[in-house]
file run_32.tsv (TSV, C-alpha atoms)
chain	number	residue	atom	x	y	z
H	14	MET	CA	-39.13	64.78	-6.47
H	15	THR	CA	-37.24	61.74	-5.24
H	16	CYS	CA	-38.55	58.31	-6.11
H	17	SER	CA	-39.38	56.34	-2.96
H	18	CYS	CA	-38.19	53.14	-4.53
H	19	HIS	CA	-34.58	54.34	-4.96
H	20	LYS	CA	-32.04	52.22	-3.02
H	21	THR	CA	-28.46	52.87	-2.12
H	22	PRO	CA	-26.24	50.70	-4.36
H	23	HIS	CA	-24.70	47.59	-2.56
H	24	THR	CA	-20.93	47.77	-2.11
H	25	THR	CA	-18.56	44.94	-1.00
H	26	PRO	CA	-16.59	45.81	2.15
H	27	ARG	CA	-12.95	46.43	1.36
H	28	ILE	CA	-10.28	44.37	3.17
H	29	PRO	CA	-7.35	46.46	4.35
H	30	TYR	CA	-4.21	45.75	2.32
H	31	CYS	CA	-2.12	44.70	5.34
H	32	ARG	CA	-4.80	42.20	6.37
H	33	LEU	CA	-4.94	40.81	2.81
H	34	ILE	CA	-1.17	40.26	2.90
H	35	GLY	CA	-1.52	38.50	6.23
H	36	ILE	CA	-4.17	36.12	4.89
H	37	THR	CA	-2.03	35.37	1.84
H	38	VAL	CA	1.00	34.59	4.00
H	39	ALA	CA	-1.08	32.42	6.33
H	40	CYS	CA	-2.44	30.42	3.39
H	41	SER	CA	1.05	30.00	1.98
H	42	VAL	CA	2.38	28.77	5.32
H	43	LEU	CA	-0.54	26.32	5.64
H	44	PHE	CA	0.03	25.00	2.12
H	45	LEU	CA	3.78	24.64	2.75
H	46	SER	CA	3.07	22.85	6.02
H	47	MET	CA	0.80	20.39	4.21
H	48	ILE	CA	3.54	19.69	1.65
H	49	LEU	CA	6.17	19.22	4.35
H	50	ALA	CA	3.83	16.95	6.31
H	51	THR	CA	3.32	14.80	3.21
H	52	VAL	CA	7.08	14.64	2.58
H	53	ALA	CA	7.75	13.84	6.24
H	54	THR	CA	5.15	11.07	6.18
H	55	ALA	CA	6.77	9.54	3.11
H	56	ALA	CA	10.24	9.92	4.60
H	57	ASP	CA	9.20	8.32	7.90
H	58	LYS	CA	7.90	5.16	6.27
H	59	LEU	CA	9.61	2.21	4.59
H	60	THR	CA	8.00	-0.50	2.50
H	61	VAL	CA	9.58	-3.88	3.16
H	62	TYR	CA	9.01	-6.92	0.97
H	63	SER	CA	9.69	-9.97	3.12
H	64	GLY	CA	10.13	-13.60	2.15
H	65	ARG	CA	10.19	-14.45	5.84
H	66	ALA	CA	7.09	-15.33	7.84
H	67	GLU	CA	5.59	-12.18	9.33
H	68	ARG	CA	5.64	-13.56	12.86
H	69	LEU	CA	9.43	-13.97	12.65
H	70	ILE	CA	10.36	-10.55	11.32
H	71	LYS	CA	7.60	-8.21	12.54
H	72	PRO	CA	8.70	-8.03	16.21
H	73	VAL	CA	12.17	-6.90	15.10
H	74	LEU	CA	10.74	-4.31	12.69
H	75	ASP	CA	8.34	-3.07	15.38
H	76	GLU	CA	11.31	-2.46	17.66
H	77	PHE	CA	13.03	-0.50	14.88
H	78	THR	CA	9.91	1.67	14.55
H	79	ARG	CA	9.81	2.22	18.30
H	80	LYS	CA	13.41	3.43	18.32
H	81	THR	CA	13.36	5.55	15.14
H	82	ASN	CA	9.69	6.45	14.57
H	83	ILE	CA	10.12	5.16	11.00
H	84	HIS	CA	7.06	3.06	10.24
H	85	ILE	CA	7.18	-0.14	8.22
H	86	ALA	CA	4.67	-1.24	5.58
H	87	LEU	CA	5.31	-4.98	5.46
H	88	LEU	CA	4.39	-7.27	2.57
H	89	SER	CA	5.13	-10.95	3.27
H	90	SER	CA	5.02	-13.59	0.55
H	91	GLY	CA	7.08	-16.35	-1.05
H	92	THR	CA	10.67	-15.40	-1.83
H	93	THR	CA	10.62	-16.41	-5.51
H	94	GLU	CA	7.28	-14.65	-5.99
H	95	LEU	CA	8.66	-11.43	-4.48
H	96	VAL	CA	11.85	-11.49	-6.57
H	97	ASN	CA	9.75	-11.93	-9.72
H	98	ARG	CA	7.41	-9.18	-8.57
H	99	MET	CA	10.28	-6.72	-8.02
H	100	LYS	CA	11.67	-7.53	-11.46
H	101	ALA	CA	8.26	-6.88	-13.05
H	102	GLU	CA	7.69	-3.66	-11.09
H	103	GLY	CA	11.14	-2.29	-11.87
H	104	ASP	CA	11.70	1.30	-10.73
H	105	ARG	CA	7.95	1.59	-10.08
H	106	SER	CA	8.14	-0.92	-7.22
H	107	PRO	CA	6.89	0.47	-3.91
H	108	ALA	CA	9.49	-1.70	-2.14
H	109	ASP	CA	12.37	0.08	-0.46
H	110	VAL	CA	13.91	-2.99	1.16
H	111	PHE	CA	13.86	-6.75	0.56
H	112	ILE	CA	14.39	-9.24	3.38
H	113	THR	CA	14.42	-12.99	2.86
H	114	ASN	CA	15.75	-16.27	4.17
H	115	ASP	CA	17.99	-17.54	1.37
H	116	ALA	CA	21.34	-16.21	0.14
H	117	GLY	CA	20.75	-17.71	-3.30
H	118	SER	CA	17.60	-15.63	-3.79
H	119	LEU	CA	19.38	-12.50	-2.57
H	120	GLU	CA	22.19	-13.14	-5.05
H	121	LEU	CA	19.70	-13.67	-7.88
H	122	ALA	CA	18.12	-10.31	-7.03
H	123	ARG	CA	21.58	-8.72	-7.03
H	124	THR	CA	22.50	-10.13	-10.44
H	125	ALA	CA	19.15	-8.87	-11.75
H	126	GLY	CA	20.27	-5.36	-10.80
H	127	LEU	CA	17.61	-4.81	-8.14
H	128	PHE	CA	19.89	-3.75	-5.27
H	129	ARG	CA	22.12	-0.80	-4.53
H	130	PRO	CA	25.57	-1.59	-3.07
H	131	LEU	CA	26.01	-0.27	0.45
H	132	SER	CA	29.09	1.46	1.78
H	133	MET	CA	28.56	1.39	5.53
H	134	ARG	CA	31.18	1.11	8.24
H	135	GLU	CA	28.58	-0.45	10.54
H	136	VAL	CA	28.14	-3.36	8.13
H	137	GLU	CA	31.89	-3.84	7.63
H	138	ARG	CA	32.40	-4.00	11.40
H	139	ALA	CA	29.44	-6.22	12.24
H	140	ILE	CA	29.07	-8.85	9.49
H	141	PRO	CA	32.03	-10.98	8.29
H	142	PRO	CA	32.61	-10.78	4.51
H	143	GLN	CA	31.64	-14.40	3.82
H	144	PHE	CA	28.08	-13.47	4.82
H	145	ARG	CA	27.75	-10.52	2.41
H	146	ALA	CA	27.64	-9.97	-1.35
H	147	THR	CA	31.00	-9.03	-2.84
H	148	ASP	CA	29.74	-5.46	-3.36
H	149	ASN	CA	27.65	-5.35	-0.15
H	150	SER	CA	24.43	-5.13	-2.16
H	151	TRP	CA	22.98	-7.75	0.16
H	152	ILE	CA	23.91	-8.31	3.79
H	153	GLY	CA	23.45	-11.49	5.81
H	154	LEU	CA	21.56	-11.02	9.08
H	155	SER	CA	21.32	-14.47	10.68
H	156	GLY	CA	22.56	-17.99	10.06
H	157	ARG	CA	20.66	-21.26	9.82
H	158	PHE	CA	21.81	-24.83	9.38
H	159	TRP	CA	20.11	-27.69	7.55
H	160	ILE	CA	20.12	-30.38	10.19
H	161	ILE	CA	18.69	-33.78	11.05
H	162	THR	CA	16.13	-33.82	13.82
H	163	TYR	CA	15.30	-37.18	15.38
H	164	ASN	CA	12.92	-38.71	17.86
H	165	THR	CA	15.00	-39.63	20.90
H	166	ALA	CA	12.72	-42.58	21.73
H	167	ILE	CA	13.37	-44.15	18.32
H	168	VAL	CA	16.86	-43.14	17.19
H	169	LYS	CA	20.25	-43.11	18.89
H	170	PRO	CA	22.50	-40.23	17.79
H	171	ASP	CA	25.37	-42.54	16.83
H	172	GLN	CA	23.15	-44.21	14.20
H	173	ILE	CA	23.48	-41.20	11.87
H	174	LYS	CA	26.55	-39.20	10.88
H	175	SER	CA	25.67	-37.68	7.50
H	176	LEU	CA	22.69	-36.45	5.54
H	177	LEU	CA	23.67	-39.11	3.01
H	178	ASP	CA	22.87	-41.78	5.59
H	179	LEU	CA	19.18	-40.93	5.25
H	180	ALA	CA	19.22	-42.52	1.78
H	181	ASP	CA	20.11	-45.92	3.25
H	182	PRO	CA	17.25	-48.48	2.95
H	183	THR	CA	17.44	-48.91	6.75
H	184	TRP	CA	15.38	-45.72	7.04
H	185	LYS	CA	12.67	-46.60	4.52
H	186	GLY	CA	9.35	-45.14	5.68
H	187	LYS	CA	11.04	-43.38	8.60
H	188	VAL	CA	12.15	-40.03	7.11
H	189	ALA	CA	10.22	-36.77	6.64
H	190	ILE	CA	11.47	-34.25	4.06
H	191	PRO	CA	10.51	-30.87	2.51
H	192	ASN	CA	8.76	-30.84	-0.85
H	193	ALA	CA	10.57	-30.19	-4.13
H	194	GLY	CA	9.55	-26.53	-4.14
H	195	SER	CA	11.24	-25.80	-0.82
H	196	GLU	CA	14.03	-23.21	-1.04
H	197	TYR	CA	15.66	-25.00	1.89
H	198	LEU	CA	15.74	-28.27	-0.06
H	199	GLN	CA	17.04	-26.52	-3.18
H	200	ALA	CA	19.80	-24.73	-1.29
H	201	GLY	CA	20.77	-27.89	0.60
H	202	VAL	CA	20.95	-30.01	-2.54
H	203	SER	CA	22.98	-27.27	-4.24
H	204	VAL	CA	25.60	-27.46	-1.50
H	205	ILE	CA	25.70	-31.26	-1.72
H	206	ARG	CA	26.17	-31.04	-5.51
H	207	ALA	CA	28.98	-28.50	-5.14
H	208	SER	CA	30.65	-30.60	-2.45
H	209	LEU	CA	30.18	-34.15	-3.75
H	210	GLY	CA	29.23	-33.94	-7.42
H	211	ASP	CA	26.07	-34.75	-9.37
H	212	ASP	CA	26.37	-38.55	-9.33
H	213	ARG	CA	26.51	-38.89	-5.55
H	214	THR	CA	23.83	-36.23	-5.15
H	215	LYS	CA	21.49	-38.01	-7.54
H	216	LYS	CA	21.97	-41.30	-5.72
H	217	PHE	CA	21.27	-39.55	-2.40
H	218	LEU	CA	18.07	-37.95	-3.74
H	219	GLU	CA	16.80	-41.24	-5.14
H	220	GLY	CA	17.29	-42.97	-1.78
H	221	LEU	CA	15.77	-40.04	0.11
H	222	ARG	CA	12.75	-40.05	-2.21
H	223	ASP	CA	12.18	-43.76	-1.68
H	224	ASN	CA	12.66	-43.62	2.09
H	225	ALA	CA	10.35	-40.63	2.58
H	226	GLY	CA	7.53	-42.06	0.48
H	227	THR	CA	4.47	-39.96	1.31
H	228	GLN	CA	6.16	-38.17	4.23
H	229	VAL	CA	6.76	-35.00	2.18
H	230	TYR	CA	5.74	-31.71	3.78
H	231	GLN	CA	5.14	-28.16	2.70
H	232	LYS	CA	6.14	-26.67	6.05
H	233	SER	CA	9.19	-27.45	8.16
H	234	SER	CA	7.12	-27.09	11.33
H	235	GLN	CA	5.04	-30.04	10.09
H	236	ILE	CA	8.18	-32.15	9.77
H	237	VAL	CA	9.17	-31.34	13.35
H	238	GLU	CA	5.66	-32.18	14.53
H	239	ALA	CA	5.73	-35.55	12.72
H	240	VAL	CA	9.07	-36.44	14.32
H	241	ALA	CA	7.92	-35.31	17.77
H	242	LYS	CA	4.81	-37.50	17.51
H	243	GLY	CA	6.83	-40.51	16.37
H	244	GLN	CA	5.09	-40.66	12.99
H	245	VAL	CA	8.61	-40.76	11.53
H	246	ALA	CA	11.98	-41.28	13.17
H	247	LEU	CA	13.91	-38.48	11.45
H	248	GLY	CA	13.44	-35.30	9.46
H	249	ILE	CA	15.49	-32.68	7.64
H	250	VAL	CA	14.80	-29.04	8.61
H	251	ASN	CA	16.54	-25.79	9.44
H	252	HIS	CA	17.72	-26.01	13.03
H	253	TYR	CA	15.55	-23.23	14.48
H	254	TYR	CA	12.29	-25.08	13.81
H	255	VAL	CA	13.33	-27.68	16.35
H	256	TYR	CA	14.34	-25.16	19.00
H	257	ARG	CA	11.17	-23.11	18.57
H	258	HIS	CA	9.15	-26.29	19.06
H	259	LEU	CA	11.13	-27.18	22.17
H	260	SER	CA	10.73	-23.66	23.60
H	261	THR	CA	6.96	-24.26	23.82
H	262	GLN	CA	7.04	-28.06	24.36
H	263	PRO	CA	10.26	-28.73	26.29
H	264	THR	CA	9.42	-32.38	26.99
H	265	ALA	CA	9.00	-33.30	23.32
H	266	PRO	CA	11.31	-36.24	22.40
H	267	LEU	CA	13.28	-34.15	19.91
H	268	ALA	CA	17.00	-33.62	19.41
H	269	VAL	CA	19.25	-32.07	16.78
H	270	LEU	CA	22.10	-33.78	14.96
H	271	MET	CA	24.62	-31.51	13.21
H	272	PRO	CA	25.55	-33.78	10.28
H	273	ASP	CA	28.65	-34.40	8.18
H	274	GLN	CA	31.21	-33.59	10.87
H	275	GLN	CA	33.17	-36.81	10.42
H	276	GLU	CA	36.65	-36.74	8.90
H	277	GLY	CA	36.25	-36.02	5.21
H	278	GLY	CA	32.63	-34.93	5.69
H	279	MET	CA	31.45	-31.87	3.82
H	280	GLY	CA	30.37	-29.99	6.96
H	281	ALA	CA	26.93	-28.74	7.97
H	282	ILE	CA	24.95	-26.93	5.26
H	283	MET	CA	24.57	-23.25	6.08
H	284	ASN	CA	22.39	-20.51	4.65
H	285	VAL	CA	21.58	-16.98	5.79
H	286	ALA	CA	18.64	-14.65	6.01
H	287	GLY	CA	19.59	-11.25	4.67
H	288	ILE	CA	18.61	-7.82	3.43
H	289	GLY	CA	19.02	-5.76	0.27
H	290	VAL	CA	18.08	-2.13	-0.43
H	291	LEU	CA	16.28	-1.49	-3.72
H	292	LYS	CA	18.33	0.71	-6.04
H	293	HIS	CA	15.45	3.06	-6.91
H	294	THR	CA	14.35	3.88	-3.36
H	295	PRO	CA	14.00	7.60	-2.56
H	296	ARG	CA	14.35	6.70	1.12
H	297	MET	CA	17.96	5.60	1.12
H	298	GLU	CA	18.86	7.13	4.48
H	299	GLU	CA	15.91	5.49	6.22
H	300	ALA	CA	16.76	2.16	4.57
H	301	LYS	CA	20.34	2.45	5.80
H	302	LEU	CA	19.06	3.08	9.31
H	303	LEU	CA	17.13	-0.20	9.12
H	304	VAL	CA	20.22	-2.07	7.90
H	305	GLU	CA	22.29	-0.49	10.67
H	306	PHE	CA	19.71	-1.52	13.28
H	307	LEU	CA	19.58	-5.12	12.06
H	308	VAL	CA	23.35	-5.67	11.94
H	309	ALA	CA	24.02	-3.98	15.29
H	310	GLN	CA	24.31	-6.05	18.44
H	311	ALA	CA	20.79	-5.22	19.67
H	312	GLY	CA	19.15	-6.29	16.41
H	313	GLN	CA	21.29	-9.41	16.16
H	314	LYS	CA	20.37	-10.35	19.73
H	315	MET	CA	16.68	-10.10	18.84
H	316	PHE	CA	17.14	-12.59	15.98
H	317	ALA	CA	19.01	-14.89	18.35
H	318	ASP	CA	16.44	-14.73	21.14
H	319	LEU	CA	13.17	-14.58	19.19
H	320	ASP	CA	13.95	-16.76	16.20
H	321	LYS	CA	16.61	-19.17	17.56
H	322	GLU	CA	18.94	-18.36	14.68
H	323	TYR	CA	22.70	-17.95	14.82
H	324	PRO	CA	23.70	-14.27	14.93
H	325	LEU	CA	26.35	-13.31	12.37
H	326	HIS	CA	27.82	-10.54	14.50
H	327	PRO	CA	30.86	-12.21	16.11
H	328	GLU	CA	30.25	-10.55	19.48
H	329	VAL	CA	26.62	-11.68	19.85
H	330	GLN	CA	25.94	-15.04	21.48
H	331	ALA	CA	23.38	-17.51	20.17
H	332	ASP	CA	20.64	-18.88	22.39
H	333	PRO	CA	22.40	-21.25	24.83
H	334	ALA	CA	20.00	-24.06	23.88
H	335	LEU	CA	21.56	-24.23	20.39
H	336	VAL	CA	24.54	-26.39	19.49
H	337	GLU	CA	27.61	-24.27	20.22
H	338	ARG	CA	28.68	-22.71	16.94
H	339	LYS	CA	32.39	-23.31	17.57
H	340	SER	CA	31.78	-27.03	18.05
H	341	PHE	CA	31.02	-27.88	14.40
H	342	ARG	CA	32.18	-27.14	10.84
H	343	ALA	CA	30.14	-25.59	8.07
H	344	ALA	CA	30.36	-26.63	4.42
H	345	MET	CA	32.82	-24.53	2.45
H	346	VAL	CA	30.55	-23.66	-0.49
H	347	PRO	CA	30.34	-19.82	-0.78
H	348	LEU	CA	26.84	-18.50	-0.19
H	349	ALA	CA	26.90	-16.44	-3.38
H	350	LYS	CA	27.31	-19.67	-5.41
H	351	LEU	CA	23.84	-20.81	-4.38
H	352	ALA	CA	22.38	-18.59	-7.13
H	353	GLU	CA	24.32	-20.12	-10.03
H	354	LEU	CA	23.84	-23.63	-8.64
H	355	ARG	CA	20.05	-23.32	-8.41
H	356	ALA	CA	18.99	-23.98	-12.01
H	357	PRO	CA	20.93	-27.26	-12.45
H	358	THR	CA	19.84	-28.31	-8.96
H	359	LEU	CA	16.19	-27.81	-9.90
H	360	ARG	CA	16.72	-29.92	-13.02
H	361	LEU	CA	18.26	-32.73	-10.96
H	362	ILE	CA	15.42	-32.63	-8.39
H	363	GLU	CA	12.91	-32.83	-11.23
H	364	GLN	CA	14.82	-35.60	-12.96
H	365	VAL	CA	14.80	-37.71	-9.79
H	366	GLY	CA	11.06	-37.16	-9.41
H	367	MET	CA	11.02	-35.54	-5.98
H	368	ARG	CA	7.48	-34.54	-5.03
call {"tool": "encode", "arguments": {"input": "run_32.tsv", "output": "structure tokens"}}
result
Amino acid sequence: MTCSCHKTPHTTPRIPYCRLIGITVACSVLFLSMILATVATAADKLTVYSGRAERLIKPVLDEFTRKTNIHIALLSSGTTELVNRMKAEGDRSPADVFITNDAGSLELARTAGLFRPLSMREVERAIPPQFRATDNSWIGLSGRFWIITYNTAIVKPDQIKSLLDLADPTWKGKVAIPNAGSEYLQAGVSVIRASLGDDRTKKFLEGLRDNAGTQVYQKSSQIVEAVAKGQVALGIVNHYYVYRHLSTQPTAPLAVLMPDQQEGGMGAIMNVAGIGVLKHTPRMEEAKLLVEFLVAQAGQKMFADLDKEYPLHPEVQADPALVERKSFRAAMVPLAKLAELRAPTLRLIEQVGMR
């Protein structure tokens, strides 16, 4: 007699062996694809630490992304802060590339061992050696000059020939200057020290301090604005701040004087914006592509047109509004010396009591 409650035991359906192999292969392919996608995403992205204002560098980096499909993660901050940050982060730094607006800071980063020297024919062809580190671990991208801007309704251009003239009591209360923390001021004073010595530089700084009084600004654009409004007669800034102002307000009573061109004068003070590739980056090829883009004629032309800076590529023309580069001399102090000059320059600025 068969029990009515007896049930057929449950059995799991068996998957054919060939189908099981197919599923295994499919899973493996999917997993491999996910890994490759992750690697590709990492490879197609660069992290750039930038000491330049985002509005000045981002349009150029966006164009690089458009041409190469390599995306840029951009971190903008103060140059000194970023150099210190990279030192603290060491090989753990997410930065692949460092871009900033001062050769002295680039050289300090090089001597700290942060950069990898670059051997690139494109760099050798495009950028003259005086605008690069001796081992090509940093590359200049664009030139800027520390100039005098003046209000054309107040000052005649023949009244000023040298930066040193701004220390004359004639200009008391009529000069606007950067604050003591400005990298532009530090680099400019370093060149004056190297050209003229500490005694003359100290005397210049004391006169400049007295003549500026409270007209000390954190931003160069504020200096240009003060001169344009006639709040002061003269100011010291990098040249491009004046031309950017004039590009939006062409009737402003502003003009540029390229100083120290007289016989025996030291020449105009020059600095460069530049780039260095971090030595630990796993994205060296992508970083080189960025360098190549920025030193090539197209990238140099963007700096010239957008930012009103002087291209360093000898075949790229500056904006025609700028003073013709061949018409004036630059000071002969090597850009790499700005790093070693910085510490004693800072001491002198502090000693004089610049604000």
call {"tool": "atom_distance", "arguments": {"input": "run_32.tsv", "atom1": "CA of Arg206 in chain H", "atom2": "CA of Leu335 in chain H"}}
result
27.2 Å
call {"tool": "closest_residue", "arguments": {"input": "run_32.tsv", "among": "H:Arg355, H:Arg65, H:Arg129, H:Arg79", "to": "Pro295 in chain H", "atoms": "all atoms listed in the file"}}
result
H:Arg129
call {"tool": "residues_around", "arguments": {"input": "run_32.tsv", "residues": "Trp159 in chain H", "least_positions_apart": "4", "cutoff": "8 Å", "atoms": "only C-alpha atoms", "output": "mmCIF file with C-alpha atoms, in the frame of the given file"}}
result
data_model
loop_
_atom_site.group_PDB
_atom_site.id
_atom_site.type_symbol
_atom_site.label_atom_id
_atom_site.label_comp_id
_atom_site.auth_asym_id
_atom_site.auth_seq_id
_atom_site.Cartn_x
_atom_site.Cartn_y
_atom_site.Cartn_z
ATOM 1 C CA TYR H 197 15.660 -25.000 1.890
ATOM 2 C CA GLY H 201 20.770 -27.890 0.600
ATOM 3 C CA ILE H 249 15.490 -32.680 7.640
ATOM 4 C CA VAL H 250 14.800 -29.040 8.610
ATOM 5 C CA ASN H 251 16.540 -25.790 9.440
ATOM 6 C CA HIS H 252 17.720 -26.010 13.030
ATOM 7 C CA ALA H 281 26.930 -28.740 7.970
ATOM 8 C CA ILE H 282 24.950 -26.930 5.260
ATOM 9 C CA MET H 283 24.570 -23.250 6.080
#
call {"tool": "closest_residue", "arguments": {"input": "run_32.tsv", "among": "H:Lys80, H:Arg368, H:Arg338, H:Lys314", "to": "Arg157 in chain H", "atoms": "all atoms listed in the file"}}
result
H:Arg338
call {"tool": "residues_around", "arguments": {"input": "run_32.tsv", "residues": "Ile152 in chain H", "least_positions_apart": "6", "cutoff": "7 Å", "atoms": "only C-alpha atoms", "output": "NGL selection string"}}
result
:H and (144-146 or 287-289)
call {"tool": "write_last_selection", "arguments": {"input": "run_32.tsv", "atoms": "C-alpha atoms", "output": "PDB file, in the coordinates of the input"}}
result
ATOM      1  CA  PHE H 144      28.080 -13.470   4.820  1.00  0.00           C
ATOM      2  CA  ARG H 145      27.750 -10.520   2.410  1.00  0.00           C
ATOM      3  CA  ALA H 146      27.640  -9.970  -1.350  1.00  0.00           C
ATOM      4  CA  GLY H 287      19.590 -11.250   4.670  1.00  0.00           C
ATOM      5  CA  ILE H 288      18.610  -7.820   3.430  1.00  0.00           C
ATOM      6  CA  GLY H 289      19.020  -5.760   0.270  1.00  0.00           C
TER       7      GLY H 289
END
call {"tool": "atom_distance", "arguments": {"input": "run_32.tsv", "atom1": "CA of Tyr163 in chain H", "atom2": "CA of Leu270 in chain H"}}
result
7.6 Å
call {"tool": "atom_distance", "arguments": {"input": "run_32.tsv", "atom1": "CA of Ser63 in chain H", "atom2": "CA of Arg134 in chain H"}}
result
24.7 Å
call {"tool": "closest_residue", "arguments": {"input": "run_32.tsv", "among": "H:Leu303, H:Leu198, H:Ala343, H:Val336", "to": "Glu322 in chain H", "atoms": "only C-alpha atoms"}}
result
H:Val336
call {"tool": "residues_around", "arguments": {"input": "run_32.tsv", "residues": "Gly91 in chain H", "least_positions_apart": "2", "cutoff": "10 Å", "atoms": "all atoms listed in the file", "output": "ChimeraX atom specification"}}
result
/H:62-66,89,93-96,113,196
call {"tool": "closest_residue", "arguments": {"input": "run_32.tsv", "among": "H:Thr162, H:Ser233, H:Thr124, H:Ser175", "to": "Ile205 in chain H", "atoms": "only C-alpha atoms"}}
result
H:Ser175
call {"tool": "residues_around", "arguments": {"input": "run_32.tsv", "residues": "Ser118 in chain H", "least_positions_apart": "2", "cutoff": "9 Å", "atoms": "all atoms listed in the file", "output": "ChimeraX atom specification"}}
result
/H:92-93,96,113-116,120-123,196,351-352
